[in-house]
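Novice: As input, take query01.cif (mmCIF, C-alpha atoms):
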data_run
loop_
_atom_site.label_atom_id
_atom_site.label_comp_id
_atom_site.auth_asym_id
_atom_site.auth_seq_id
_atom_site.Cartn_x
_atom_site.Cartn_y
_atom_site.Cartn_z
CA MET G 1 25.71 -31.50 44.76
CA ALA G 2 24.94 -28.96 47.47
CA ALA G 3 25.44 -25.37 46.35
CA ASN G 4 28.17 -24.73 48.91
CA GLU G 5 29.99 -28.06 48.66
CA GLY G 6 33.70 -27.51 48.14
CA SER G 7 33.30 -23.72 48.11
CA THR G 8 35.74 -21.29 49.69
CA TYR G 9 35.55 -17.66 50.66
CA PRO G 10 36.64 -15.64 48.81
CA ASN G 11 35.61 -17.75 45.81
CA HIS G 12 39.12 -17.55 44.35
CA SER G 13 41.15 -19.38 46.97
CA GLY G 14 44.39 -17.67 47.98
CA LYS G 15 43.46 -14.31 46.49
CA TYR G 16 44.82 -12.41 49.51
CA ALA G 17 48.32 -13.05 48.10
CA PHE G 18 47.51 -11.87 44.56
CA ASN G 19 48.18 -8.41 43.12
CA ALA G 20 45.21 -6.08 42.72
CA LEU G 21 44.47 -4.44 39.37
CA PHE G 22 44.72 -1.02 41.02
CA GLU G 23 45.78 0.18 44.45
CA PRO G 24 44.50 2.94 46.76
CA GLU G 25 47.41 5.17 45.71
CA GLU G 26 46.05 5.19 42.17
CA ASN G 27 42.65 6.30 43.37
CA ILE G 28 44.27 9.07 45.41
CA ALA G 29 46.26 10.17 42.34
CA TYR G 30 43.01 10.34 40.37
CA VAL G 31 41.23 12.30 43.11
CA ARG G 32 44.19 14.67 43.33
CA SER G 33 44.12 15.21 39.57
CA GLU G 34 40.48 16.24 39.89
CA GLY G 35 41.42 18.94 42.40
CA GLN G 36 39.60 17.32 45.33
CA LEU G 37 42.71 17.36 47.51
CA ASP G 38 43.78 20.94 46.90
CA GLY G 39 44.97 22.40 50.19
CA PHE G 40 44.34 19.19 52.13
CA ALA G 41 46.99 17.90 54.51
CA PRO G 42 46.21 14.42 55.88
CA PRO G 43 46.30 14.06 59.68
CA GLU G 44 48.77 11.69 61.32
CA GLY G 45 45.96 10.02 63.27
CA ILE G 46 42.23 9.55 62.73
CA VAL G 47 39.34 8.75 65.06
CA ILE G 48 36.84 6.67 63.08
CA CYS G 49 33.34 6.89 64.53
CA TYR G 50 29.87 5.76 63.57
CA GLN G 51 27.37 7.50 65.84
CA ARG G 52 26.23 11.05 65.15
CA GLN G 53 26.49 11.95 68.83
CA VAL G 54 30.26 11.45 68.68
CA LEU G 55 30.51 14.03 65.91
CA GLU G 56 28.33 16.40 67.93
CA HIS G 57 30.55 15.96 70.97
CA SER G 58 33.63 16.57 68.84
CA ARG G 59 32.15 19.77 67.40
CA GLN G 60 31.28 21.05 70.87
CA SER G 61 34.70 20.15 72.25
CA GLU G 62 36.37 22.11 69.46
CA LYS G 63 33.92 25.03 69.85
CA PHE G 64 32.95 24.93 66.20
CA GLY G 65 29.62 26.57 66.99
CA GLU G 66 26.24 25.77 65.49
CA ALA G 67 27.53 24.83 62.04
CA ASP G 68 29.43 21.65 61.32
CA PRO G 69 33.19 22.08 60.89
CA ALA G 70 34.14 22.40 57.26
CA PRO G 71 34.90 18.89 56.00
CA SER G 72 37.48 18.09 53.39
CA PHE G 73 38.24 14.80 51.65
CA ARG G 74 35.74 12.02 52.43
CA GLY G 75 34.04 14.26 55.00
CA ILE G 76 36.97 14.27 57.43
CA TYR G 77 37.75 17.33 59.53
CA THR G 78 40.82 18.00 61.60
CA LEU G 79 40.95 19.28 65.17
CA PRO G 80 42.37 22.76 65.87
CA SER G 81 43.07 21.71 69.47
CA THR G 82 45.58 19.17 68.13
CA SER G 83 47.17 21.61 65.65
CA HIS G 84 45.27 19.56 63.04
CA ARG G 85 47.39 16.47 63.73
CA ILE G 86 44.23 14.45 64.46
CA GLY G 87 41.19 14.08 62.25
CA VAL G 88 37.67 12.79 62.86
CA LEU G 89 35.96 10.65 60.25
CA GLY G 90 32.29 9.79 60.62
CA GLY G 91 28.83 10.26 59.20
CA PHE G 92 29.31 7.52 56.59
CA GLY G 93 27.17 4.82 58.19
CA PHE G 94 28.21 1.43 59.55
CA GLY G 95 29.95 -1.71 58.42
CA SER G 96 33.24 -3.19 57.30
CA PRO G 97 33.19 -2.40 53.55
CA VAL G 98 32.86 1.37 53.80
CA ALA G 99 35.03 1.73 56.92
CA SER G 100 37.87 -0.26 55.37
CA LEU G 101 37.64 1.60 52.05
CA LEU G 102 37.95 4.95 53.82
CA MET G 103 40.84 3.66 55.90
CA GLU G 104 42.62 2.52 52.73
CA ASP G 105 42.31 5.97 51.18
CA PHE G 106 43.78 7.72 54.22
CA ILE G 107 46.61 5.20 54.48
CA ALA G 108 47.43 6.02 50.87
CA LEU G 109 47.46 9.71 51.82
CA GLY G 110 49.94 9.04 54.62
CA THR G 111 47.91 8.57 57.81
CA THR G 112 49.47 5.85 59.97
CA LYS G 113 47.32 5.67 63.13
CA PHE G 114 43.61 4.94 63.49
CA ILE G 115 41.32 4.36 66.45
CA SER G 116 37.83 3.07 65.77
CA ILE G 117 35.20 3.77 68.42
CA GLY G 118 31.57 2.73 68.43
CA THR G 119 28.87 0.68 70.08
CA ALA G 120 28.66 -3.10 70.45
CA GLY G 121 26.27 -5.75 71.68
CA ALA G 122 27.25 -7.59 74.85
CA LEU G 123 27.41 -11.38 74.78
CA GLN G 124 28.30 -11.99 78.42
CA GLN G 125 25.69 -11.80 81.18
CA THR G 126 28.03 -9.80 83.41
CA SER G 127 28.10 -6.89 80.91
CA ARG G 128 26.02 -3.78 81.44
CA VAL G 129 24.96 -0.90 79.21
CA GLY G 130 27.70 1.73 79.19
CA ASP G 131 30.54 -0.72 79.85
CA ILE G 132 33.66 -0.11 77.78
CA VAL G 133 35.43 -2.94 75.94
CA LEU G 134 38.99 -2.53 74.68
CA CYS G 135 39.31 -4.91 71.75
CA GLU G 136 42.31 -7.25 71.89
CA ARG G 137 41.29 -9.32 68.86
CA ALA G 138 38.27 -9.91 66.62
CA ILE G 139 36.62 -12.93 65.07
CA ARG G 140 36.58 -12.66 61.28
CA ASP G 141 32.92 -13.34 60.53
CA GLU G 142 32.72 -10.55 57.94
CA GLY G 143 33.80 -10.48 54.32
CA VAL G 144 36.52 -7.85 54.08
CA SER G 145 39.28 -9.49 56.12
CA HIS G 146 39.38 -12.60 53.92
CA HIS G 147 40.45 -10.49 50.94
CA TYR G 148 43.47 -9.18 52.90
CA LEU G 149 44.74 -12.03 55.07
CA ALA G 150 45.18 -15.78 54.84
CA PRO G 151 42.31 -17.85 56.28
CA GLY G 152 42.10 -17.69 60.05
CA LYS G 153 39.63 -17.13 62.86
CA PHE G 154 41.03 -13.93 64.34
CA ALA G 155 42.41 -10.54 63.35
CA GLU G 156 44.42 -8.51 65.82
CA PRO G 157 44.94 -4.77 66.38
CA SER G 158 48.21 -2.94 66.96
CA PRO G 159 49.41 -4.04 70.43
CA HIS G 160 51.21 -0.73 70.94
CA LEU G 161 48.31 1.55 70.05
CA THR G 162 45.87 -0.66 71.96
CA HIS G 163 48.12 -0.38 75.02
CA ILE G 164 48.27 3.40 74.66
CA LEU G 165 44.48 3.63 74.44
CA GLY G 166 44.08 1.35 77.46
CA THR G 167 46.59 3.42 79.43
CA GLU G 168 44.75 6.60 78.48
CA LEU G 169 41.44 5.17 79.70
CA ALA G 170 43.05 4.02 82.97
CA SER G 171 44.58 7.45 83.53
CA ARG G 172 41.06 8.88 83.42
CA GLY G 173 39.87 6.40 86.04
CA ILE G 174 37.84 4.43 83.49
CA GLU G 175 37.45 0.72 84.09
CA CYS G 176 37.19 -1.35 80.95
CA THR G 177 37.13 -4.96 79.85
CA THR G 178 39.85 -6.16 77.51
CA GLY G 179 38.32 -8.79 75.32
CA CYS G 180 37.50 -10.33 71.97
CA ALA G 181 34.85 -9.04 69.57
CA TRP G 182 32.82 -11.02 67.06
CA THR G 183 32.74 -8.94 63.87
CA ILE G 184 29.82 -9.66 61.55
CA ASP G 185 28.45 -7.88 58.48
CA THR G 186 24.78 -8.48 59.17
CA PRO G 187 23.31 -7.94 62.65
CA TYR G 188 19.99 -9.45 61.60
CA ARG G 189 21.77 -12.81 61.20
CA GLU G 190 23.34 -13.02 64.65
CA THR G 191 21.92 -16.43 65.41
CA ILE G 192 21.13 -17.87 68.81
CA GLU G 193 23.43 -20.82 68.14
CA GLU G 194 26.37 -18.53 67.38
CA ILE G 195 25.70 -16.37 70.42
CA HIS G 196 25.71 -19.42 72.69
CA GLN G 197 28.96 -20.67 71.13
CA TYR G 198 30.75 -17.35 71.51
CA GLN G 199 29.47 -16.95 75.06
CA GLN G 200 31.11 -20.25 75.90
CA GLU G 201 34.35 -19.06 74.25
CA GLY G 202 34.33 -15.93 76.41
CA VAL G 203 33.82 -13.49 73.53
CA ALA G 204 32.89 -10.12 74.99
CA CYS G 205 30.74 -8.49 72.32
CA VAL G 206 29.65 -8.26 68.69
CA ASP G 207 30.49 -5.38 66.32
CA MET G 208 30.57 -4.65 62.58
CA GLU G 209 34.04 -3.26 61.76
CA ALA G 210 36.93 -4.35 64.00
CA ALA G 211 38.14 -7.50 62.22
CA ALA G 212 38.14 -5.75 58.84
CA LEU G 213 40.06 -2.72 60.08
CA PHE G 214 42.60 -4.90 61.89
CA SER G 215 43.15 -6.89 58.70
CA VAL G 216 43.62 -3.84 56.49
CA ALA G 217 46.06 -2.36 59.01
CA SER G 218 48.03 -5.61 59.14
CA CYS G 219 48.21 -5.78 55.36
CA ARG G 220 49.25 -2.12 55.00
CA SER G 221 51.59 -2.02 58.05
CA VAL G 222 49.83 0.79 59.94
CA HIS G 223 48.49 1.00 63.50
CA VAL G 224 44.86 0.54 64.51
CA ALA G 225 43.03 0.06 67.80
CA SER G 226 39.36 -0.28 68.59
CA ALA G 227 37.10 0.10 71.61
CA PHE G 228 33.37 -0.12 72.14
CA VAL G 229 30.60 1.00 74.44
CA ILE G 230 28.03 -1.66 75.24
CA SER G 231 24.73 -0.38 73.85
CA ASP G 232 22.62 -3.54 73.69
CA LEU G 233 22.47 -6.88 75.43
CA LEU G 234 22.34 -10.23 73.62
CA SER G 235 23.11 -12.50 76.56
CA GLY G 236 19.53 -13.26 77.60
CA GLU G 237 16.50 -14.76 75.92
CA VAL G 238 15.59 -11.55 74.08
CA TRP G 239 17.51 -8.67 72.52
CA GLN G 240 17.67 -5.59 74.75
CA PRO G 241 18.58 -2.40 72.82
CA HIS G 242 19.77 0.71 74.67
CA MET G 243 21.44 2.74 71.93
CA ARG G 244 19.99 6.02 73.19
CA HIS G 245 20.64 5.33 76.86
CA GLU G 246 22.47 8.08 78.74
CA LYS G 247 25.23 5.65 79.72
CA THR G 248 25.82 4.78 76.06
CA GLY G 249 26.30 8.44 75.23
CA ILE G 250 28.60 9.01 78.18
CA GLY G 251 30.72 6.03 77.17
CA LEU G 252 31.06 7.27 73.59
CA ARG G 253 32.21 10.70 74.77
CA ILE G 254 34.75 9.09 77.09
CA LEU G 255 36.08 6.95 74.25
CA TYR G 256 36.34 9.90 71.88
CA ASP G 257 38.34 12.01 74.36
CA ALA G 258 40.63 9.09 75.17
CA ALA G 259 41.13 8.24 71.49
CA VAL G 260 42.19 11.78 70.60
CA SER G 261 44.70 11.82 73.46
CA ALA G 262 46.00 8.36 72.56
CA LEU G 263 46.59 9.37 68.93
CA LEU G 264 48.55 12.41 70.11
CA THR G 265 50.91 10.26 72.13
CA ARG G 266 54.35 10.01 70.59
CA GLY G 267 56.14 6.71 70.26
#
When written as structure tokens, how does the structure in this file appear?

Specialist:
Amino acid sequence: MAANEGSTYPNHSGKYAFNALFEPEENIAYVRSEGQLDGFAPPEGIVICYQRQVLEHSRQSEKFGEADPAPSFRGIYTLPSTSHRIGVLGGFGFGSPVASLLMEDFIALGTTKFISIGTAGALQQTSRVGDIVLCERAIRDEGVSHHYLAPGKFAEPSPHLTHILGTELASRGIECTTGCAWTIDTPYRETIEEIHQYQQEGVACVDMEAAALFSVASCRSVHVASAFVISDLLSGEVWQPHMRHEKTGIGLRILYDAAVSALLTRG
């Protein structure tokens, strides 16, 4: 018998509907008992970011000076310009498992709005480095989402928060593509066959977090949106990386500014 014959993922079919041994609130209670949350007030909204240059732009925008702003729980810091209503969470690396774990902790603390911003690889030949993609749904080709939701191909963000972010970008004169992302855990296994298939389906780009965050938010009844800057091209015969391109950096700064404003919007 083939090793994968009859297998499911997760291995225990239907586990998304089962009760967990412990919940994020219990972890927060433990952390609080250890004194790690003394004096910490969770923000109402959080910008989740992955590139160091976003944190540098945030620090400069807030005039924190040469030193990093003092972080608190999980490395988050809140923005004085927003009366500390908005926090910025980054510097933890990439990928669905860590991003979703952090999101869970802050949901348990009381944060209800999240916007994830980062880079993505373009799948369509019309895309260019620096283009901005507002994510309307994501293909669940990572592991996290399947522990939260019933089997399915897509996970979807908050329509309301996505609309607010799109409106904020438009108000700044920023053109963006609204499209689907392919979320995968392992970029070194983005196969040519998959790329061709998703190109034919009209999928805009590939990322590493969106589907997981959308699934967690759906399960926990909070709001999340996501947008990307195209930093590399996968639509041709060879991979073309441009992560350090000036247009990539400009796009990330635009997304950060728009995300902060969107999270401040009431309603």

Novice: Of the residues G:Arg32, G:Arg74, G:His84, G:His223, which is the one nearest to Leu101 in chain G, using only C-alpha atoms?

Specialist: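 Ranking G:Arg32, G:Arg74, G:His84, G:His223 by distance to Leu101 in chain G, first place goes to G:Arg74.
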
Novice: Would you write out, as a list in words, every residue that the PyMOL selection byres ((chain G and resi 158) around 8) captures in this file?

Specialist: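 Given this file, the PyMOL selection byres ((chain G and resi 158) around 8) evaluates to Glu156, Pro157, Pro159, His160, Leu161, Thr162, Phe214, His223, Val224 and Ala225 of chain G.
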
Novice: At a cut-off of 7 Å, using only C-alpha atoms, what residues contact Pro10 in chain G? Leave out same-chain residues fewer than 3 positions from it and give the result as a ChimeraX atom specification.

Specialist: /G:13,146-147

Novice: Ranking G:Ile107, G:Leu165, G:Ala29, G:Leu21 by minimum distance to Glu136 in chain G and counting all atoms listed in the file, which one comes first?

Specialist: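 Checking each candidate against Glu136 in chain G, we get G:Leu165 as the closest.
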
Novice: The PyMOL selection byres ((chain G and resi 140-142) around 12) - which residues does that actually catch in the file I just gave you? List them as a PyMOL selection string.

Specialist: chain G and resi 9-10+95-97+100+137-139+143-156+180-187+189-190+194+198+206-215

Novice: Evaluated on this file, the PyMOL selection byres ((chain G and resi 55) around 10) picks out some residues - which ones are they, written as a PyMOL selection string?

Specialist: chain G and resi 49-54+56-61+68-69+88-91+253+256

Novice: One decimal, Å: what's the distance from CA of Thr119 in chain G over to CA of Arg266 in chain G, could you say?

Specialist: 27.1 Å

Novice: Write out as JSON, numbers by chain the residues lying within 8 Å of Lys113 in chain G, counting only C-alpha atoms and excluding same-chain residues fewer than 2 positions away.

Specialist: {"G": [44, 45, 46, 111, 115, 222, 223, 224, 263]}

Novice: What does the distance between CA of Ala108 in chain G and CA of Gly14 in chain G come to in Å, to one decimal place?

Specialist: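 About the pair CA of Ala108 in chain G and CA of Gly14 in chain G: they are 24.1 Å apart.
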
Novice: Tell me which of G:Ala20, G:Val229, G:Val31, G:Ile117 sits closest to Val260 in chain G, counting all atoms listed in the file.

Specialist: G:Ile117

Novice: What gap, in Å, lies between CA of Ala122 in chain G and CA of Val238 in chain G?

Specialist: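 Computed distance, CA of Ala122 in chain G to CA of Val238 in chain G, equals 12.3 Å.
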
Novice: Residues around (28.9, -9.7, 76.1), cut-off 7 Å, counting only C-alpha atoms - what are they as a VMD selection string?

Specialist: chain G and resid 121 to 125 127 203 to 205 235

Novice: From the list G:Asn27, G:Asn19, G:Thr178, G:Ser72, which residue is nearest Pro42 in chain G when using only C-alpha atoms?

Specialist: G:Ser72

Novice: In terms of the shortest atom-to-atom distance over all atoms listed in the file, which of G:Glu26, G:Lys63, G:Glu168, G:Arg128 is closest to Leu109 in chain G?

Specialist: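 Residue with the minimum atom-to-atom distance to Leu109 in chain G: G:Glu26.
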
Novice: Which residue, G:Val47, G:Gly249, G:Thr167, G:Phe114, has the smallest gap to Ala217 in chain G when you use all atoms listed in the file?

Specialist: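 Among the listed residues, G:Phe114 lies closest to Ala217 in chain G.
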
Novice: Please rebuild range 38-55 of chain G with N, CA and C atoms and give the result as an mmCIF file, keeping the file's coordinate frame.

Specialist:
data_model
loop_
_atom_site.group_PDB
_atom_site.id
_atom_site.type_symbol
_atom_site.label_atom_id
_atom_site.label_comp_id
_atom_site.auth_asym_id
_atom_site.auth_seq_id
_atom_site.Cartn_x
_atom_site.Cartn_y
_atom_site.Cartn_z
ATOM 1 N N ASP G 38 43.088 19.655 46.858
ATOM 2 C CA ASP G 38 43.780 20.940 46.900
ATOM 3 C C ASP G 38 43.739 21.529 48.301
ATOM 4 N N GLY G 39 44.893 21.791 48.871
ATOM 5 C CA GLY G 39 44.970 22.400 50.190
ATOM 6 C C GLY G 39 44.758 21.446 51.340
ATOM 7 N N PHE G 40 44.607 20.161 51.057
ATOM 8 C CA PHE G 40 44.340 19.190 52.130
ATOM 9 C C PHE G 40 45.626 18.542 52.599
ATOM 10 N N ALA G 41 45.852 18.582 53.896
ATOM 11 C CA ALA G 41 46.990 17.900 54.510
ATOM 12 C C ALA G 41 46.446 16.774 55.382
ATOM 13 N N PRO G 42 46.776 15.536 55.101
ATOM 14 C CA PRO G 42 46.210 14.420 55.880
ATOM 15 C C PRO G 42 46.724 14.450 57.310
ATOM 16 N N PRO G 43 45.867 14.125 58.286
ATOM 17 C CA PRO G 43 46.300 14.060 59.680
ATOM 18 C C PRO G 43 47.152 12.823 59.926
ATOM 19 N N GLU G 44 47.950 12.864 60.992
ATOM 20 C CA GLU G 44 48.770 11.690 61.320
ATOM 21 C C GLU G 44 47.940 10.589 61.986
ATOM 22 N N GLY G 45 46.834 10.986 62.619
ATOM 23 C CA GLY G 45 45.960 10.020 63.270
ATOM 24 C C GLY G 45 44.503 10.363 63.029
ATOM 25 N N ILE G 46 43.653 9.342 62.985
ATOM 26 C CA ILE G 46 42.230 9.550 62.730
ATOM 27 C C ILE G 46 41.387 8.762 63.717
ATOM 28 N N VAL G 47 40.391 9.418 64.288
ATOM 29 C CA VAL G 47 39.340 8.750 65.060
ATOM 30 C C VAL G 47 38.229 8.398 64.072
ATOM 31 N N ILE G 48 37.950 7.126 63.917
ATOM 32 C CA ILE G 48 36.840 6.670 63.080
ATOM 33 C C ILE G 48 35.645 6.424 63.998
ATOM 34 N N CYS G 49 34.524 7.040 63.680
ATOM 35 C CA CYS G 49 33.340 6.890 64.530
ATOM 36 C C CYS G 49 32.108 6.669 63.676
ATOM 37 N N TYR G 50 31.050 6.203 64.302
ATOM 38 C CA TYR G 50 29.870 5.760 63.570
ATOM 39 C C TYR G 50 28.572 6.406 64.049
ATOM 40 N N GLN G 51 28.570 6.903 65.266
ATOM 41 C CA GLN G 51 27.370 7.500 65.840
ATOM 42 C C GLN G 51 27.419 9.029 65.716
ATOM 43 N N ARG G 52 26.313 9.609 65.340
ATOM 44 C CA ARG G 52 26.230 11.050 65.150
ATOM 45 C C ARG G 52 26.574 11.798 66.431
ATOM 46 N N GLN G 53 26.239 11.237 67.574
ATOM 47 C CA GLN G 53 26.490 11.950 68.830
ATOM 48 C C GLN G 53 27.980 12.120 69.102
ATOM 49 N N VAL G 54 28.813 11.262 68.532
ATOM 50 C CA VAL G 54 30.260 11.450 68.680
ATOM 51 C C VAL G 54 30.702 12.677 67.902
ATOM 52 N N LEU G 55 30.182 12.844 66.696
ATOM 53 C CA LEU G 55 30.510 14.030 65.910
ATOM 54 C C LEU G 55 30.019 15.296 66.601
#
